[in-house]
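A.B. asks: One structure, pasted below without further comment.
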Amino acid sequence: MRAPFHSVEARAPGKIILAGEHAVVYDRPALAVPVPSVQARVQVRRAPAGFTLRAPDIGLTAALDDLPPAHPLRRAVDLTQAALQAAWPPLEVRIASSIPVAAGLGSGAAVTVALVRALAAFVGRALPPRQVNALAYEVEKLHHGTPSGIDNTVVTYARPIRYRKSRGWQPLPVARAVPLVIADTGRAAPTREMVLGVRQRWQAQPARYEALFDAIADQVAAAQAALAAGDLPALGQALNANHALLQALGVSTPELDALVNAARAAGAYGAKLSGAGGGGNMLAVTDATHQPAVAQALRAAGAARVLCTTLPPTP
Ligand code: MEV
């Protein structure tokens, strides 16, 4: 083992699901991309004594041992320790994140991935991405109950992915830059409840919900083909159709629908809710010319936060 560093920092990006959320829990494919303009940052440094976690964004300062074993931060630290088979020296861990919490942007997964990497680096070790991803998946279960694994995977590998629960991830080719506008309803997206609600409705009406999941998989395939061809109008159409299917699943809200409609009216190629729904974010695909107007229309329609970003073409 190399000598421990005095202080180390690791970062992980936010993420957004382009298409396929919820159906991905039922082993249909989904597409997700990193959003590097928002990030989780974890700094680990030696302290005189103990193991202190500081996360001012969520008002948390605690000794590790005072957190319950099922607390996501404690679980991430304990799983990392088990994976490294290392004893922690006295440490202070500072967690800061510009990723909005409970908004569908992967803040929980990003904090876990950055925390696992920073702790491993502090003791002079690098865990392979597959292991970081597996640890982050365990912690996602505490956040979400029955996660598909897409959030931790896109955050760990920090590249556009196509994901399927039973088959893992593949790189997602993107032929040309895709301008995106992401807008937040300002209402928390209760992922656990939304996923549970879909499960209860699926159990009550399996044939109807299986058909909706299959129809979503068709739109994921259309979106993937559009990205590979650099066809933004076709991508927009697939996202619009995906939104209609998410409405049919019962996970949209009047606020999300209003933002989606505002983006389309302002010239977006297409728009949809992104993530679990019930609140959180929506996403619009535009061309570079319409991006500012779409952002402005979303603010005017009541978005609490608007983020313009561009998905770069893959090499
Ligand atoms: C949450 O970001 C996406 C969902 O599909 C849940 C999951 O995949 O774990 C709603």
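For the structure tokens, the naming scheme is as follows: chains receive sequential letters (A, B, ...) according to their order of presentation, residues are indexed from 1 within each chain, and ligands are indexed from 1 in presentation order.
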Let me have all residues with an atom within 8 Å of ligand 1, counting only C-alpha atoms and all ligand atoms, laid out as an MDAnalysis selection string.

C.D. replies: chainID A and resid 16:17 20:25 104:106 144 146:151 191 194:195 274:277

A.B. asks: Mind listing the strand (DSSP E or B) residues of region 29-71 of chain A, per DSSP on the backbone, as number ranges by chain?

C.D. replies: A: 30-46, 51-55, 60-63

A.B. asks: In terms of the shortest atom-to-atom distance over only C-alpha atoms, which of A:Ala189, A:Ala10, A:Ala126, A:Val33 is closest to Val154 (chain A)?

C.D. replies: A:Val33

A.B. asks: Of the residues A:Arg208, A:Arg299, A:Arg74, A:Arg176, which is the one nearest to Val116 (chain A), using only C-alpha atoms?

C.D. replies: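 Closest to Val116 (chain A), using only C-alpha atoms: A:Arg74.
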
A.B. asks: May I ask which of the residues A:Pro34, A:Gly230, A:Pro69, A:Pro100 is the closest one to Ala158 (chain A), counting only C-alpha atoms?

C.D. replies: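 The shortest atom-to-atom distance to Ala158 (chain A) comes from A:Pro34.
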
A.B. asks: Using only C-alpha atoms for the distances, tell me which of A:Ser7, A:Gln219, A:Gln43, A:Thr286 is nearest to Ala177 (chain A).

C.D. replies: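 Closest to Ala177 (chain A) of all the choices is A:Thr286.
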
A.B. asks: Using only C-alpha atoms, I'd like a table of the residues in region 95-188 of chain A that come within 8 Å of region 290-294 of chain A; for each, show the closest atom pair and its distance in Å rounded to one decimal, ordered by chain and ascending number, as CSV.

C.D. replies:
residue,atom,partner,partner_atom,distance
A:Pro179,CA,A:Gln291,CA,6.8
A:Leu180,CA,A:Gln291,CA,7.3
A:Val181,CA,A:Gln291,CA,6.8

A.B. asks: Would you give me, as number ranges by chain, the residues in region 200-311 of chain A that DSSP reads as alpha helix (DSSP H)?

C.D. replies: A: 200-204, 206-229, 232-249, 254-265, 291-300

A.B. asks: For the residues selected in the previous step, produce a file with C-alpha atoms as a short mmCIF file (atom, residue, chain, number, x, y, z; two decimals), in the first residue's frame.

C.D. replies:
data_model
loop_
_atom_site.label_atom_id
_atom_site.label_comp_id
_atom_site.auth_asym_id
_atom_site.auth_seq_id
_atom_site.Cartn_x
_atom_site.Cartn_y
_atom_site.Cartn_z
CA GLN A 200 -48.61 -1.37 -7.29
CA ARG A 201 -50.36 -0.38 -10.52
CA TRP A 202 -48.32 -2.96 -12.47
CA GLN A 203 -49.37 -5.63 -9.96
CA ALA A 204 -53.02 -4.59 -10.36
CA PRO A 206 -49.86 -6.38 -15.37
CA ALA A 207 -50.80 -6.66 -19.05
CA ARG A 208 -51.47 -2.92 -19.38
CA TYR A 209 -48.22 -1.95 -17.65
CA GLU A 210 -46.10 -4.51 -19.50
CA ALA A 211 -47.45 -3.04 -22.76
CA LEU A 212 -46.54 0.47 -21.59
CA PHE A 213 -43.01 -0.68 -20.68
CA ASP A 214 -42.65 -2.26 -24.14
CA ALA A 215 -43.86 0.94 -25.79
CA ILE A 216 -41.29 2.91 -23.77
CA ALA A 217 -38.58 0.48 -24.92
CA ASP A 218 -39.59 1.27 -28.54
CA GLN A 219 -39.07 5.00 -27.86
CA VAL A 220 -35.71 4.27 -26.23
CA ALA A 221 -34.67 2.44 -29.41
CA ALA A 222 -35.90 5.40 -31.51
CA ALA A 223 -34.00 7.87 -29.31
CA GLN A 224 -30.83 5.76 -29.48
CA ALA A 225 -31.04 5.60 -33.29
CA ALA A 226 -31.64 9.37 -33.47
CA LEU A 227 -28.58 10.07 -31.27
CA ALA A 228 -26.43 7.79 -33.42
CA ALA A 229 -27.65 9.56 -36.56
CA LEU A 232 -32.36 16.00 -33.27
CA PRO A 233 -35.95 16.31 -34.60
CA ALA A 234 -36.29 12.50 -34.41
CA LEU A 235 -34.81 12.55 -30.89
CA GLY A 236 -37.36 15.19 -29.91
CA GLN A 237 -40.23 13.07 -31.27
CA ALA A 238 -39.06 10.03 -29.31
CA LEU A 239 -38.86 12.11 -26.12
CA ASN A 240 -42.36 13.50 -26.69
CA ALA A 241 -43.74 9.98 -27.16
CA ASN A 242 -41.85 8.83 -24.05
CA HIS A 243 -43.45 11.65 -22.04
CA ALA A 244 -46.94 10.57 -23.15
CA LEU A 245 -46.16 7.03 -21.98
CA LEU A 246 -44.88 8.34 -18.62
CA GLN A 247 -48.17 10.23 -18.28
CA ALA A 248 -49.97 6.93 -18.93
CA LEU A 249 -47.84 5.31 -16.18
CA PRO A 254 -49.58 19.25 -13.89
CA GLU A 255 -46.35 21.20 -13.14
CA LEU A 256 -44.21 18.83 -15.21
CA ASP A 257 -46.75 18.85 -18.06
CA ALA A 258 -46.83 22.67 -18.00
CA LEU A 259 -43.04 22.86 -18.31
CA VAL A 260 -42.98 20.24 -21.07
CA ASN A 261 -45.66 22.17 -23.01
CA ALA A 262 -43.86 25.50 -22.50
CA ALA A 263 -40.60 24.05 -23.88
CA ARG A 264 -42.34 22.65 -26.94
CA ALA A 265 -44.18 25.93 -27.58
CA GLN A 291 -31.84 27.00 -26.34
CA PRO A 292 -32.01 30.50 -24.69
CA ALA A 293 -35.66 31.01 -25.70
CA VAL A 294 -36.64 27.59 -24.34
CA ALA A 295 -34.82 28.36 -21.09
CA GLN A 296 -36.62 31.71 -20.84
CA ALA A 297 -40.01 30.10 -21.55
CA LEU A 298 -39.38 27.54 -18.80
CA ARG A 299 -38.54 30.28 -16.30
CA ALA A 300 -41.69 32.15 -17.33
#
